[in-house]
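These notes concern the structure reproduced below.
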Protein chains: 4
Amino acid sequence: MSKITPEAFNDLTDRELPIAANCGFRAEEIGDGAARVRAPFSAYLTRPGGTISGPVMMALTDFGMYAALMGAIGPVELAVTTNLNINFLRLPAPVDVIAHCSVIKLGRRLAVIEVTLYSEGDSAPIAHATGTYSIPPETGR
Amino acid sequence: MSKITPEAFNDLTDRELPIAANCGFRAEEIGDGAARVRAPFSAYLTRPGGTISGPVMMALTDFGMYAALMGAIGPVELAVTTNLNINFLRLPAPVDVIAHCSVIKLGRRLAVIEVTLYSEGDSAPIAHATGTYSIPPETGR
Amino acid sequence: MSKITPEAFNDLTDRELPIAANCGFRAEEIGDGAARVRAPFSAYLTRPGGTISGPVMMALTDFGMYAALMGAIGPVELAVTTNLNINFLRLPAPVDVIAHCSVIKLGRRLAVIEVTLYSEGDSAPIAHATGTYSIPPETGR
Amino acid sequence: MSKITPEAFNDLTDRELPIAANCGFRAEEIGDGAARVRAPFSAYLTRPGGTISGPVMMALTDFGMYAALMGAIGPVELAVTTNLNINFLRLPAPVDVIAHCSVIKLGRRLAVIEVTLYSEGDSAPIAHATGTYSIPPETGR
């Protein structure tokens with residue numbers, strides 16, 4: 001069972017993650033070590049060529065990793081990314097971007113999370129990422 | 001000699017990269033395959049703990065790679081990131097972030113760029129990244 | 001349908017990939033853009049602690065990517081790795097390592113391949129990797 | 001000052017890292033968080049095209065990271081790689097490969113190390129890598 005609801009995570013976003021809130025990112029589902037998050041398409045998020053920019057996809061990836069991790073360990077806000085690697089696979093379509101995020105290793109101090117990004121309505125991934133979060137010791141886990 | 005001036009790159013930013021413009025990113029120096037870019041500190045760019053967020057540092061990294069690449073090949077706006085890998089090394093101080101960007105391989109179709117990020121006034125890097133850009137064939141290079 | 005058989009790929013290994021052959025790597029299954037490959041456990045492949053070493057897992061990963069790519073495009077020996085990123089998730093058990101490899105993007109010039117590594121008989125992955133191969137233009141694809 | 005000599009590290013290699021020993025890898029210089037290591041050219045280390053293979057360069061990278069880390073913290077054999085990212089930049093020449101390795105962040109539990117690889121006698125790098133090592137808690141650091 002998830003240790004945080006999408007509502008609580010989105011509230012935290014509005015309070016603590018101004019760029020993510022400004023981009024309109026939302027968590028739609030959070031499970032125990034899994035999350036589905038969304039970036040709503042708008043011209044504001046694009047780059048030359050009219051597609052969602054790489055930095056927006058990276059920000060959504062990190063946002064989804066944070067959600068999936070909190071789904072596993074609760075609202076540990078001071079967990080921080082230590083590494084992120086992303087491959088951009090296809091140009092996104094001019095629609096919302098959906099990221100599916102999954103914790104593939106949960107240690108006491110480190111978690112590794114995999115993320116696949118899609119243009120809504122298309123099953124061919126537009127990007128794939130993996131990242132590591134460092135979990136602060138004071139969380140009593 | 002650089003194939004684009006910081007002024008021209010910053011104009012392009014204002015026209016074509018709304019998120020980067022919104023975050024206040026600026027190119028300060030661009031050489032032939034090198035760039036120094038800046039994110040001005042503001043609460044808007046922070047995350048829990050009050051430090052500049054990971055996604056902002058990733059966005060600045062990608063912004064600086066784009067500048068360094070254009071310094072080498074000119075304003076090829078449709079060059080796109082295909083891979084980015086970043087390691088976060090130290091928590092940033094509550095000051096501007098400066099990224100030093102350098103093309104370490106320039107091929108006909110791919111460029112690899114290295115980026116080191118610093119808190120202004122501190123010589124210990126806060127993050128280190130490498131990335132690959134794909135250069136569109138129609139550039140006549 | 002795969003464009004190369006495991007037998008043909010293993011023959012190529014014996015002729016052209018001396019380190020992989022020396023480590024005992026074998027392709028067991030190759031499909032169209034997918035492969036399962038194996039490193040047989042032996043003390044020769046270990047590191048301090050008695051587990052299969054990181055470099056062996058990286059070599060097996062690259063070996064499996066090459067097999068999966070050839071499954072998709074045929075025996076294009078001059079395809080080369082341009083990027084590889086690997087996360088080590090758990091210490092391997094003292095048994096064979098199996099890598100499941102899947103092409104997640106096949107372009108004309110670049111392919112991106114995902115690999116998950118397991119200790120035989122255990123469903124928890126011991127490592128996860130992504131990599132990019134560059135496909136030479138002379139392949140007439 | 002380095003906490004291990006090249007001689008001690010090469011002895012450890014012969015005892016504990018059979019693949020690295022088999023490939024002929026040697027540490028030539030080790031400093032406090034830095035190392036220069038070498039792979040001697042031989043047909044045994046090549047791949048189709050006659051160049052040193054990617055897995056050999058990855059193995060040399062990891063070998064050099066281990067040496068640089070031990071230069072900083074001493075012979076902590078159970079330190080393990082948790083992430084490695086490598087970009088292959090140019091085809092190596094048929095000569096020895098030299099890797100220059102440098103610890104860019106040394107924490108209590110994690111170290112990040114940067115590696116640049118060269119064909120001997122050529123200043124254009126053939127590959128660039130970054131990696132993270134996990135340092136076991138029992139080292140009393």
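By order in the structure tokens, chains are A, B, ...; within a chain, residues start at 1; ligands start at 1, following the order shown.
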Fit chain C to chain A, all Cα atoms paired in order, least squares. Then write it as a short mmCIF file (atom, residue, chain, number, x, y, z; two decimals) with C-alpha atoms, in the first residue's frame.
data_model
loop_
_atom_site.label_atom_id
_atom_site.label_comp_id
_atom_site.auth_asym_id
_atom_site.auth_seq_id
_atom_site.Cartn_x
_atom_site.Cartn_y
_atom_site.Cartn_z
CA MET C 1 0.00 0.00 -0.02
CA SER C 2 1.26 3.48 -0.82
CA LYS C 3 2.59 5.57 2.05
CA ILE C 4 1.35 8.80 0.42
CA THR C 5 -1.77 9.69 -1.58
CA PRO C 6 -1.65 11.55 -4.89
CA GLU C 7 -3.56 14.37 -3.18
CA ALA C 8 -0.96 14.72 -0.42
CA PHE C 9 1.86 14.55 -2.95
CA ASN C 10 0.23 17.19 -5.15
CA ASP C 11 -0.26 19.42 -2.09
CA LEU C 12 3.43 19.01 -1.30
CA THR C 13 4.17 19.94 -4.93
CA ASP C 14 2.17 23.16 -4.65
CA ARG C 15 3.93 24.09 -1.39
CA GLU C 16 7.48 22.94 -2.01
CA LEU C 17 8.21 22.37 -5.71
CA PRO C 18 7.41 25.68 -7.42
CA ILE C 19 8.84 24.75 -10.82
CA ALA C 20 6.91 21.48 -10.95
CA ALA C 21 3.75 23.30 -9.89
CA ASN C 22 4.40 26.00 -12.48
CA CYS C 23 4.70 23.33 -15.19
CA GLY C 24 1.42 21.79 -14.08
CA PHE C 25 2.86 18.42 -13.05
CA ARG C 26 0.42 16.14 -11.23
CA ALA C 27 0.68 12.71 -9.64
CA GLU C 28 -2.26 10.61 -10.78
CA GLU C 29 -1.56 7.32 -9.07
CA ILE C 30 0.92 6.37 -6.36
CA GLY C 31 1.48 2.82 -5.17
CA ASP C 32 4.04 1.16 -2.94
CA GLY C 33 7.15 2.06 -4.95
CA ALA C 34 5.33 3.12 -8.09
CA ALA C 35 3.77 6.25 -9.52
CA ARG C 36 2.14 7.60 -12.65
CA VAL C 37 2.61 11.33 -13.18
CA ARG C 38 1.57 13.76 -15.92
CA ALA C 39 2.79 16.92 -17.63
CA PRO C 40 -0.12 18.64 -19.38
CA PHE C 41 0.84 19.80 -22.86
CA SER C 42 1.20 23.54 -23.35
CA ALA C 43 3.32 25.78 -25.55
CA TYR C 44 5.05 26.91 -22.35
CA LEU C 45 6.71 23.48 -22.05
CA THR C 46 8.05 23.29 -25.61
CA ARG C 47 11.36 23.85 -27.37
CA PRO C 48 12.30 24.61 -31.00
CA GLY C 49 10.32 22.18 -33.15
CA GLY C 50 7.24 22.59 -30.94
CA THR C 51 7.76 19.47 -28.83
CA ILE C 52 7.93 19.16 -25.03
CA SER C 53 11.48 20.08 -24.07
CA GLY C 54 14.09 17.71 -22.67
CA PRO C 55 14.39 19.62 -19.39
CA VAL C 56 10.63 19.31 -18.86
CA MET C 57 10.85 15.55 -19.41
CA MET C 58 13.79 15.37 -16.99
CA ALA C 59 11.87 17.41 -14.42
CA LEU C 60 8.82 15.16 -14.82
CA THR C 61 11.07 12.11 -14.45
CA ASP C 62 12.54 13.39 -11.21
CA PHE C 63 9.06 14.38 -10.00
CA GLY C 64 7.77 10.87 -10.66
CA MET C 65 10.77 9.25 -8.96
CA TYR C 66 10.10 11.36 -5.88
CA ALA C 67 6.45 10.27 -5.91
CA ALA C 68 7.28 6.57 -6.37
CA LEU C 69 9.85 6.72 -3.58
CA MET C 70 7.39 8.43 -1.22
CA GLY C 71 4.88 5.75 -2.15
CA ALA C 72 7.38 3.28 -0.69
CA ILE C 73 8.77 5.17 2.31
CA GLY C 74 6.37 8.02 3.03
CA PRO C 75 6.82 11.79 2.75
CA VAL C 76 10.58 11.92 3.30
CA GLU C 77 11.01 15.34 1.71
CA LEU C 78 14.76 15.45 2.21
CA ALA C 79 15.43 12.41 0.03
CA VAL C 80 17.58 13.73 -2.82
CA THR C 81 18.55 12.58 -6.28
CA THR C 82 22.19 11.50 -6.52
CA ASN C 83 22.21 10.29 -10.12
CA LEU C 84 19.87 10.49 -13.09
CA ASN C 85 20.41 9.03 -16.53
CA ILE C 86 17.92 9.55 -19.35
CA ASN C 87 17.73 8.42 -22.95
CA PHE C 88 15.44 10.35 -25.29
CA LEU C 89 13.99 7.84 -27.72
CA ARG C 90 11.40 9.59 -29.91
CA LEU C 91 10.13 13.11 -30.38
CA PRO C 92 7.05 13.60 -28.20
CA ALA C 93 3.71 14.32 -29.84
CA PRO C 94 1.98 17.64 -28.97
CA VAL C 95 -0.03 15.99 -26.18
CA ASP C 96 0.40 15.33 -22.44
CA VAL C 97 3.43 13.37 -21.31
CA ILE C 98 2.82 10.48 -18.91
CA ALA C 99 5.63 8.95 -16.84
CA HIS C 100 5.44 5.49 -15.32
CA CYS C 101 7.83 5.19 -12.38
CA SER C 102 8.89 2.11 -10.49
CA VAL C 103 11.34 1.54 -7.61
CA ILE C 104 13.57 -1.35 -8.74
CA LYS C 105 15.78 -1.41 -5.65
CA LEU C 106 14.94 -0.08 -2.21
CA GLY C 107 17.85 -0.12 0.21
CA ARG C 108 18.14 1.50 3.59
CA ARG C 109 20.09 4.44 2.19
CA LEU C 110 19.68 4.29 -1.59
CA ALA C 111 16.79 3.63 -3.93
CA VAL C 112 17.00 3.05 -7.68
CA ILE C 113 13.98 4.01 -9.74
CA GLU C 114 13.11 3.35 -13.38
CA VAL C 115 10.94 5.67 -15.42
CA THR C 116 9.40 5.27 -18.86
CA LEU C 117 7.80 8.31 -20.52
CA TYR C 118 5.03 8.23 -23.10
CA SER C 119 3.08 10.66 -25.21
CA GLU C 120 -0.51 10.13 -24.10
CA GLY C 121 -2.24 7.59 -26.29
CA ASP C 122 0.93 6.12 -27.82
CA SER C 123 2.54 2.95 -26.52
CA ALA C 124 6.02 3.66 -27.97
CA PRO C 125 8.11 5.22 -25.17
CA ILE C 126 9.51 8.69 -25.82
CA ALA C 127 12.16 8.48 -23.09
CA HIS C 128 13.55 6.06 -20.54
CA ALA C 129 15.40 6.97 -17.36
CA THR C 130 16.94 5.50 -14.26
CA GLY C 131 17.88 7.39 -11.15
CA THR C 132 19.18 6.98 -7.64
CA TYR C 133 17.80 8.70 -4.57
CA SER C 134 19.67 9.02 -1.31
CA ILE C 135 17.43 8.51 1.72
CA PRO C 136 18.45 10.55 4.77
CA PRO C 137 19.40 8.48 7.84
CA GLU C 138 17.08 10.37 10.16
CA THR C 139 14.01 8.71 8.69
CA GLY C 140 14.22 5.85 11.18
CA ARG C 141 13.83 3.22 8.48
#
Report task. Report as a ChimeraX atom specification: the residues of chain B with a DSSP assignment of alpha helix (DSSP H), based on the backbone of this structure. Result -> /B:6-16,18-23,54-73
Query - Residue list (strand (DSSP E), DSSP) for region 3-114 of chain A, as number ranges by chain - result: A: 26-31, 34-39, 80-88, 97-106, 110-114
